[in-house]
Amino acid sequence: MAQEYRVLLEHADKINPESAADYVKVGGYKGLEKARSMNPKDLTEEVKKSGLRGRGGAGFNAGMKWSFVPQYPETKYVVCNFDEGEPGTYKDRIICQKNAQALLEGMAICGHAIGSNNGYIYCRGEYPFVVEMLKKAIGNAKESGALGEFNIEVRMGAGAYVCGEETALIESIEGHRGEPRFKPPFPGVEGLWRMPTVVNNVETFACLPYILTNGADWFAGIGAKSYPGTKVLTLTGDIENPTYFEVPTDYLLRDVIYELGGGVKGGKKLKAVQVGGTSGAFIPPQNIDTPIDFDSMSAIGAALGSGAVFVMDESRDIVDTINRIAKFFEHESCGQCTPCREGTHRCKEIMEKINTGRGTLKDIENLKVLARVMQKASLCGLGQAAPIPITSTLEHFEYEYLRKLM
Amino acid sequence: MTNSINELENDAKCVFLIGTNTTENHPVIGYKIRQNVLKNGAKLIVADPRRIELAELADVYLPFKPGTDVALFNGMMNVIINEGLADRKFIESRTEGYEAMAEVVEKYPPEVAAEICGVDAADIIKAARLYAESEASSVCYAMGLTQHTTGTDNVKSCCNLALLTGNLGKPGTGVNPLRGQNNVQGACDMGALPVVFTAYQAVTNDEARAKFEKAWGVTLSGVNGLTLTKTINKAYEGEVKGLIVVGENPMVSDPDLHHVEEALDKLDFLLVQDIFLTETAKKADVVLPGVSFAEKDGTFSNTERRVQRVRKAISNKGDARQDWEILCDLSTRLGYPMSYNSPEEIFEEIRTLTPSYAGMNYARLEGTGLPWPCPAEDHPGTPILHKEKFNRGLGLFHAIEYLEPAEVINEEYPIILTTGRSLYHYHTGTMTRKAKGLDEHMPENVIQINSALAKAKNIVDGEIVKVTTRRGSIKLKAEVIDGIRENVIFTYFHFAEAAANVLTNAEVLDPVAGIPEYKVSAARLEKL
Amino acid sequence: MDIKLTINGKEIEVPQGTMLLDACRKAGADIPTFCYDPDLKLAGSCRMCVVQPQGWRNLVASCVTPAQNGMVIDTESPDVVEARKVVLELMLTRHKLTCHTCEKDGDCNLQDYCYRYGVTESRFEGKIHNLFKDDSNPFIERDYDKCVMCTRCVRACEEITGARAINVMDRGYHAHIATAFDGELEDSPCVFCGQCIMVCPVGALTSKIAAGKGKPAQNEKVLTTCTYCGTGCTLELNVKNDEIVGVTSNRDAEWSPVNKGALCVKGRFGWDFVNSPERLTTPLIKENGEFRPASWDEALDLAAEKINGIKEKYGPDSLSMFSSARVTNEENYLAQKLMRAAIGSNNVDHCARL
Amino acid sequence: MANYMDIIASCKDKPGGIIEAFHAIQKEYNYIPEEALREAARAFKVSEAQAFGVATFYSYLSVKKRGKYIIRMCESAPCHVAGADEVLKALEANLGIKAGETTEDGKFTLELTECVGQCQATPVVTINSEPVFNVKPEMVPGLLAGYK
């Protein structure tokens, strides 16, 4: 029987996340202490060695990312991406609400590695209460002296999914429209206020204290080799236990749904599961015996990313759901580049047409062409990923589309 | 300009604007200064009684009293000298007359200057430091500096400041007058001035005269002629009997228009050559139709001394003739035959008599044009003057005391009236008032009044008010704004029907340049 | 340091830091662009300039992608062509197709590229935005139903003029160009320089003064120097049937050394006085206080007679001349020559001081 | 009620803090009044057009007057499949307005939103950012009554 394996959430609800003292009692801030006893280069090596990969869309090796940050100029930034906007995702909120000090500690560890005392947490505007809590947690940590010279400021987003893209997030902190920048230059070289910046999300930062405390080898030994550690998942949709879990990354998707999740709600049959939020692929039942780690998911066209697991039972209307998702992307496109700005709108228009029984084969053909161009030619990940739900359902559930045509 | 326009965008680290509303009157230069500030972080100092657009971007804004320019410059120089910010090396190697200047400047500590100028001493100190400490500082001015009875003094003070800090002869520096009209530089270069032939060769200089006598085959007068303002006065007094006006409109542009009108009425003969029946042309005995810039070939010289081509795009309108042809025809009839086949042929003659244009020809001017001096055909032109030495050798400091403007306010005329231009119109409006969009956008004159003054006088925005000076009065629409000194009012001079120059002073001129004091008239403002 | 790469089978060398767009153009490839403007900050957003680097999953926007050593680039691969066609079709769905009455007909990037890629119509349906604004200003026509959102106008407004009157408002498909509070230009910091018109690749921004007077292909352009202030900006007079029908500008510093194409409201929109019916077209002689048309001979003879009469009676210094800061050097030269050589007085001046 | 000038002044020293200022203004006014936006532009040294561009980019910011209570109905996929449409209909019927509108008395504004990150209990609505979980159409009248 599959069990949770809690690292980040081990002390959930047992400690006050605002209190540094509580956190210290359960072993907190030891990692930072250790990190500060190391020279930055060794620290970065240690993190690299742990195999920690970003718990976001790209899954990039965290230590590697840090190693790209140049030694000069002196002003650098550590930015926490707390803009989880993928529908069905709330794991970073849970980590903050249960273990905020681990996030702060993780950011300070990163600060030591790259030589920065300037931290920003960019929290999505949907969580004003978490912002208040974080501000208290930071105040408490500063007061206790745990963070030393490292400063953290919280900035609040204002309802823009695209700000989860790291350069859009940076633009937003700078007070601009959240429009992603073209890359290169990457934030590691030219980020916030054109200074070198490391952007990682809450879950990534929160892993760091445990890696430092228990050692890189310990972390590398958990879960899948290529993507070690644990992953916090949130289960939504037609599932018996719609809640969050922390599991090792070699866990099978089937077990997530049927063991932890308690199976499809009402004992119905599974039609599809979408992993990683709205931009993830729809996985048919025949593919659920796959480990949830990043690379295995990518291999079946899905994305682990945000850790959202959205389950749909046999009664669900795929086309209607895709229509809704298409509307989401139309709403969230920043509007900067042509394929995404216009493409998300036309996708929604065509999906609406098909969903309301006015579509033709030609529309499906047009969707495919449009999806291909959006994936290949959009400026940022949003436009590139927006058609994935469409292409994956056209691959596995084309009959549902055909059934709705005129 | 001693330096070139593009240096204001790329090379100047500090730009000091005094008496120039650059974004309105030289918009493209204004853009460049703004970009330099926004993109490169150049420092900006703005001295103007009106809070002009660029004041918003300025590191220091000095809303000083009209006519107190010399005091402001002396105050800044006092700070520079006393704080040891002067460029000693430059002063020693490239200038003379420092001691006399420094002696006068010593009398203007920033507090004293601040009192005269009506600004904070701290701002004078800050401006002085910014200008003196930057790697390359450029000072730009326009008619706000020159149209005073002390206009020449003002310009000399400006040069003092540049000499004191070594801000001459290098990229991004210089003393840079921004000239208001497309070819005012060229008209001066070409000797359309009463004291010089082309390239500023004095008519009183025997050698120069001999050169022109030889070239032109006549005997020439060695007596300095009359300036424009003096001509009007002499006409009024009956000494000037005949006047030829080529494309000018003194009936709107000159000071004290009632006086101008009376003077023109007294002439025996007035000949006007123009493209419109201007207010001046209406007074003429004979009017000859010339052509506009779109219909002619030739060259203009811009404010940075760059000689550029003007190219004919369309034919003459109706029976109108090329202006150069009209001048040839008239000269021939006056008994001095002139005949050319083209403007290019005229230019070829100009180069032979004009050392600074000697190296230019139409082929060389084809692309970017050339800034003078360009003495030889293999010379690339001179974007920056005074690089190695000044024309006279060493740069001369002038010791200049502050003098009050000719008209000071009193009980009867308690407000200072100052005049200028709008972005949307040009000079006497002969062209822009006939450009549909421009005239529709700004169809009438206004008078800008500080909101506190307006409140005191119970004047509301948009109402018609009366402005009176010792010369006369006009009625204007009030524009109540905050960005102007409290006892200063401002109006435009483009509008013949509400002509600002009815109000201005023609009696007292700058003793050297003969420029009228358009920027300071004592006035009275009345609610109707 | 130079790097080597292969573009359409041709090996070229470019300095490190060169963008692919410049490298491709150097290799002779014709890369279409909308948002790219060499004088403005890079946007990388229209995605028209995408090219295919061999071995890369996605296409890259060549205007913002630095060339890398050893890259192999195809600028017209099937994927590239498909992407460009779809981008054009997507633009067409928001662009009001009124080419027959459009001021930019014949000088429009969208038209040119559709022609080049054989895009006759869009495969996508849908309505245009209805963003047309009847902006009451007399200079600039804003028809955002033709806008392709390249944002060059926004950047030119900020980076050339510095007026910062416009920006993008809203987001996604609803994003469009607007002043603060989506009002009229008159109520914004706009100074009507028309730099936005200069950079607009389509017909979204056009001159109201030139409207209806001539399409770009019908106009001849004559480069000359502006007649207004002393800055000496270069501009192009657009001529049709021997009449001035508009002003455009040349952005090449070689031909526009002072202003690089930038103009002000007077230069770009103040040219129509040339066509005014009030222009003088014949000499006039005043008789009994009224003007009557006269022949040149008559007018010049009368003028010469009067001037010579005064000179004889009162001497040359009883005559004076105001030359002009607005006529050419050649004409000023002749004017002072006339005064000095033909009349014999130095009484010549112009309004340099006024 | 705090003055927008004071609110903006309190954020002025945060680099790029115009969005923070907008949040603070909205906390007081529920939207960003025109004068406040112009003042924010001045304080943060950006053009008014840019400040307006920022304010209209983010869906939680509004330059139009809104009601005292801002009700947001999440319509992202997890809420959608859990019956968000029916809840929306109930909200519209009970309030007598369509999504995007404000009730005549100025009390409620109804908006659609994408995921608010409370997907453990769908469908979710938020009222002035406070989430309400597992909303059923029949709960709507009682819910609204709590705010009358």
# chains A, B, ... in the order shown; residues from 1 in each chain; ligands from 1
>>> interface_residues(of="chain C", to="chain A", cutoff="7 Å", atoms="only C-alpha atoms", output="list in words")
Gly44, Ser45, Cys46, Arg47, Asn58, Leu59, Val60, Ala83, Val87, Leu90, Phe124, Arg171, Gly172, Tyr173 and Ala175 of chain C
>>> write_last_selection(atoms="N, CA and C atoms", output="PDB file, in the first residue's frame")
ATOM      1  N   GLY C  44      10.647  41.500 -30.208  1.00  0.00           N
ATOM      2  CA  GLY C  44      10.642  40.054 -30.442  1.00  0.00           C
ATOM      3  C   GLY C  44       9.256  39.458 -30.423  1.00  0.00           C
ATOM      4  N   SER C  45       8.238  40.260 -30.716  1.00  0.00           N
ATOM      5  CA  SER C  45       6.881  39.812 -30.433  1.00  0.00           C
ATOM      6  C   SER C  45       6.024  39.454 -31.643  1.00  0.00           C
ATOM      7  N   CYS C  46       6.327  39.980 -32.820  1.00  0.00           N
ATOM      8  CA  CYS C  46       5.398  39.694 -33.920  1.00  0.00           C
ATOM      9  C   CYS C  46       5.583  38.274 -34.440  1.00  0.00           C
ATOM     10  N   ARG C  47       6.761  37.742 -34.239  1.00  0.00           N
ATOM     11  CA  ARG C  47       7.125  36.369 -34.603  1.00  0.00           C
ATOM     12  C   ARG C  47       7.117  36.142 -36.121  1.00  0.00           C
ATOM     13  N   ASN C  58      12.028  24.305 -31.396  1.00  0.00           N
ATOM     14  CA  ASN C  58      11.170  25.412 -31.805  1.00  0.00           C
ATOM     15  C   ASN C  58      11.857  26.344 -32.787  1.00  0.00           C
ATOM     16  N   LEU C  59      11.048  27.161 -33.419  1.00  0.00           N
ATOM     17  CA  LEU C  59      11.591  28.226 -34.256  1.00  0.00           C
ATOM     18  C   LEU C  59      12.059  29.347 -33.331  1.00  0.00           C
ATOM     19  N   VAL C  60      12.936  30.194 -33.814  1.00  0.00           N
ATOM     20  CA  VAL C  60      13.357  31.331 -32.994  1.00  0.00           C
ATOM     21  C   VAL C  60      13.102  32.631 -33.754  1.00  0.00           C
ATOM     22  N   ALA C  83       4.599  28.842 -40.224  1.00  0.00           N
ATOM     23  CA  ALA C  83       4.430  29.782 -39.111  1.00  0.00           C
ATOM     24  C   ALA C  83       4.140  31.184 -39.626  1.00  0.00           C
ATOM     25  N   VAL C  87       0.833  33.300 -38.925  1.00  0.00           N
ATOM     26  CA  VAL C  87       0.925  34.620 -38.287  1.00  0.00           C
ATOM     27  C   VAL C  87       0.201  35.663 -39.142  1.00  0.00           C
ATOM     28  N   LEU C  90      -3.479  35.151 -38.877  1.00  0.00           N
ATOM     29  CA  LEU C  90      -3.978  35.622 -37.586  1.00  0.00           C
ATOM     30  C   LEU C  90      -4.090  37.150 -37.573  1.00  0.00           C
ATOM     31  N   PHE C 124      -9.013  31.512 -40.499  1.00  0.00           N
ATOM     32  CA  PHE C 124      -9.736  31.721 -39.250  1.00  0.00           C
ATOM     33  C   PHE C 124     -10.868  32.711 -39.453  1.00  0.00           C
ATOM     34  N   ARG C 171      -5.177  43.082 -21.968  1.00  0.00           N
ATOM     35  CA  ARG C 171      -4.184  42.057 -22.281  1.00  0.00           C
ATOM     36  C   ARG C 171      -4.782  41.001 -23.209  1.00  0.00           C
ATOM     37  N   GLY C 172      -3.895  40.127 -23.637  1.00  0.00           N
ATOM     38  CA  GLY C 172      -4.325  39.038 -24.506  1.00  0.00           C
ATOM     39  C   GLY C 172      -4.931  39.561 -25.799  1.00  0.00           C
ATOM     40  N   TYR C 173      -5.938  38.862 -26.249  1.00  0.00           N
ATOM     41  CA  TYR C 173      -6.589  39.225 -27.505  1.00  0.00           C
ATOM     42  C   TYR C 173      -7.173  40.632 -27.439  1.00  0.00           C
ATOM     43  N   ALA C 175      -5.875  43.176 -25.929  1.00  0.00           N
ATOM     44  CA  ALA C 175      -4.848  44.216 -25.822  1.00  0.00           C
ATOM     45  C   ALA C 175      -4.920  45.132 -27.036  1.00  0.00           C
TER      46      ALA C 175
END
>>> select_by_dssp(residues="stretch 33-134 of chain C", states="alpha helix (DSSP H)", output="list in words")
Pro78, Asp79, Val80, Val81, Glu82, Ala83, Arg84, Lys85, Val86, Val87, Leu88, Glu89, Leu90, Met91, Leu92, Thr93, Arg94, Asn109, Leu110, Gln111, Asp112, Tyr113, Cys114, Tyr115 and Arg116 of chain C
>>> select_by_dssp(residues="stretch 178-385 of chain A", states="strand (DSSP E)", output="JSON, numbers by chain")
{"A": [197, 198, 199, 200, 201, 230, 231, 232, 233, 234, 235, 236, 237, 244, 245, 246, 247, 248, 270, 271, 272, 273, 274, 275, 282, 283, 308, 309, 310, 311, 312, 313]}
>>> interface_residues(of="chain B", to="chain D", cutoff="12 Å", atoms="only C-alpha atoms", output="MDAnalysis selection string")
chainID B and resid 38 56:57
>>> interface_residues(of="chain C", to="chain D", cutoff="12 Å", atoms="only C-alpha atoms", output="ChimeraX atom specification")
/C:154-155,157-158,162-185,187-190
>>> residues_around(residues="B:Cys117", least_positions_apart="5", cutoff="6 Å", atoms="only C-alpha atoms", output="PyMOL selection string")
chain B and resi 64-65+68
>>> write_last_selection(atoms="all heavy atoms", output="compact mmCIF listing (two decimals), in the first residue's frame")
# COMPACT_ATOMS: atom_id res chain seq x y z
N PHE B 64 13.62 81.59 -12.82
CA PHE B 64 14.14 82.90 -12.46
C PHE B 64 13.39 84.05 -13.12
O PHE B 64 12.69 83.86 -14.10
CB PHE B 64 15.65 82.99 -12.74
CG PHE B 64 16.01 83.04 -14.20
CD1 PHE B 64 16.87 84.02 -14.70
CD2 PHE B 64 15.50 82.11 -15.10
CE1 PHE B 64 17.22 84.06 -16.03
CE2 PHE B 64 15.85 82.15 -16.45
CZ PHE B 64 16.70 83.13 -16.91
N LYS B 65 13.56 85.23 -12.53
CA LYS B 65 12.88 86.43 -13.02
C LYS B 65 13.40 86.79 -14.40
O LYS B 65 14.62 86.82 -14.63
CB LYS B 65 13.21 87.61 -12.09
CG LYS B 65 12.11 87.98 -11.14
CD LYS B 65 12.53 89.24 -10.37
CE LYS B 65 12.45 89.00 -8.89
NZ LYS B 65 13.16 90.01 -8.10
N THR B 68 17.16 88.53 -15.57
CA THR B 68 18.21 88.49 -14.55
C THR B 68 19.28 87.44 -14.88
O THR B 68 19.96 86.93 -14.00
CB THR B 68 17.61 88.20 -13.16
OG1 THR B 68 16.95 86.91 -13.19
CG2 THR B 68 16.59 89.25 -12.76
>>> residues_around(residues="A:Gly115", least_positions_apart="6", cutoff="10 Å", atoms="only C-alpha atoms", output="CSV table (one decimal) with N, CA and C atoms, in the first residue's frame")
chain,number,residue,atom,x,y,z
A,40,PRO,N,30.6,29.6,-1.1
A,40,PRO,CA,29.4,29.6,-2.1
A,40,PRO,C,29.6,28.6,-3.2
A,69,VAL,N,25.1,32.2,-12.5
A,69,VAL,CA,25.1,33.6,-12.0
A,69,VAL,C,26.5,34.1,-11.9
A,70,PRO,N,26.8,35.2,-12.6
A,70,PRO,CA,28.2,35.7,-12.5
A,70,PRO,C,28.5,36.3,-11.1
A,71,GLN,N,29.8,36.3,-10.8
A,71,GLN,CA,30.2,36.9,-9.5
A,71,GLN,C,29.9,38.4,-9.4
A,72,TYR,N,30.1,39.1,-10.5
A,72,TYR,CA,29.9,40.5,-10.5
A,72,TYR,C,28.7,40.8,-11.5
A,74,GLU,N,27.7,43.3,-8.1
A,74,GLU,CA,27.5,42.9,-6.7
A,74,GLU,C,26.0,42.7,-6.4
A,75,THR,N,25.2,43.6,-7.0
A,75,THR,CA,23.7,43.5,-6.7
A,75,THR,C,23.1,42.3,-7.5
A,76,LYS,N,22.6,41.4,-6.7
A,76,LYS,CA,21.9,40.2,-7.3
A,76,LYS,C,20.6,40.0,-6.5
A,77,TYR,N,19.7,39.2,-7.1
A,77,TYR,CA,18.5,39.0,-6.4
A,77,TYR,C,18.1,37.5,-6.3
A,78,VAL,N,17.5,37.1,-5.2
A,78,VAL,CA,16.9,35.8,-5.1
A,78,VAL,C,15.4,36.0,-5.1
A,108,ALA,N,17.4,32.1,1.8
A,108,ALA,CA,18.7,32.6,2.4
A,108,ALA,C,19.9,31.7,2.0
A,109,ILE,N,19.6,30.4,1.9
A,109,ILE,CA,20.7,29.5,1.4
A,109,ILE,C,21.1,29.8,0.0
>>> closest_residue(among="A:Arg36, A:Lys327, A:Lys135, A:His11", to="chain D", atoms="only C-alpha atoms")
A:Lys327
>>> decode(residues="stretch 22-34 of chain D", atoms="N, CA and C atoms", output="mmCIF file, in the first residue's frame")
data_model
loop_
_atom_site.group_PDB
_atom_site.id
_atom_site.type_symbol
_atom_site.label_atom_id
_atom_site.label_comp_id
_atom_site.auth_asym_id
_atom_site.auth_seq_id
_atom_site.Cartn_x
_atom_site.Cartn_y
_atom_site.Cartn_z
ATOM 1 N N PHE D 22 -1.415 50.192 -6.245
ATOM 2 C CA PHE D 22 -2.755 49.914 -6.794
ATOM 3 C C PHE D 22 -3.540 48.995 -5.847
ATOM 4 N N HIS D 23 -2.874 47.986 -5.328
ATOM 5 C CA HIS D 23 -3.547 47.100 -4.379
ATOM 6 C C HIS D 23 -4.053 47.898 -3.177
ATOM 7 N N ALA D 24 -3.174 48.750 -2.666
ATOM 8 C CA ALA D 24 -3.542 49.518 -1.471
ATOM 9 C C ALA D 24 -4.694 50.468 -1.777
ATOM 10 N N ILE D 25 -4.666 51.055 -2.957
ATOM 11 C CA ILE D 25 -5.762 51.963 -3.350
ATOM 12 C C ILE D 25 -7.064 51.179 -3.454
ATOM 13 N N GLN D 26 -6.966 49.997 -4.046
ATOM 14 C CA GLN D 26 -8.182 49.191 -4.218
ATOM 15 C C GLN D 26 -8.748 48.718 -2.883
ATOM 16 N N LYS D 27 -7.858 48.514 -1.938
ATOM 17 C CA LYS D 27 -8.310 48.084 -0.619
ATOM 18 C C LYS D 27 -9.239 49.159 -0.041
ATOM 19 N N GLU D 28 -8.927 50.399 -0.371
ATOM 20 C CA GLU D 28 -9.705 51.516 0.148
ATOM 21 C C GLU D 28 -10.915 51.821 -0.736
ATOM 22 N N TYR D 29 -10.727 51.811 -2.055
ATOM 23 C CA TYR D 29 -11.776 52.283 -2.963
ATOM 24 C C TYR D 29 -12.445 51.169 -3.776
ATOM 25 N N ASN D 30 -11.898 49.950 -3.703
ATOM 26 C CA ASN D 30 -12.359 48.820 -4.513
ATOM 27 C C ASN D 30 -12.060 48.950 -5.993
ATOM 28 N N TYR D 31 -11.543 50.082 -6.414
ATOM 29 C CA TYR D 31 -11.066 50.248 -7.787
ATOM 30 C C TYR D 31 -10.016 51.355 -7.757
ATOM 31 N N ILE D 32 -9.446 51.646 -8.929
ATOM 32 C CA ILE D 32 -8.425 52.687 -8.964
ATOM 33 C C ILE D 32 -9.031 53.933 -9.612
ATOM 34 N N PRO D 33 -9.374 54.918 -8.821
ATOM 35 C CA PRO D 33 -9.952 56.133 -9.415
ATOM 36 C C PRO D 33 -8.942 56.829 -10.328
ATOM 37 N N GLU D 34 -9.471 57.529 -11.314
ATOM 38 C CA GLU D 34 -8.624 58.170 -12.330
ATOM 39 C C GLU D 34 -7.539 59.056 -11.704
#
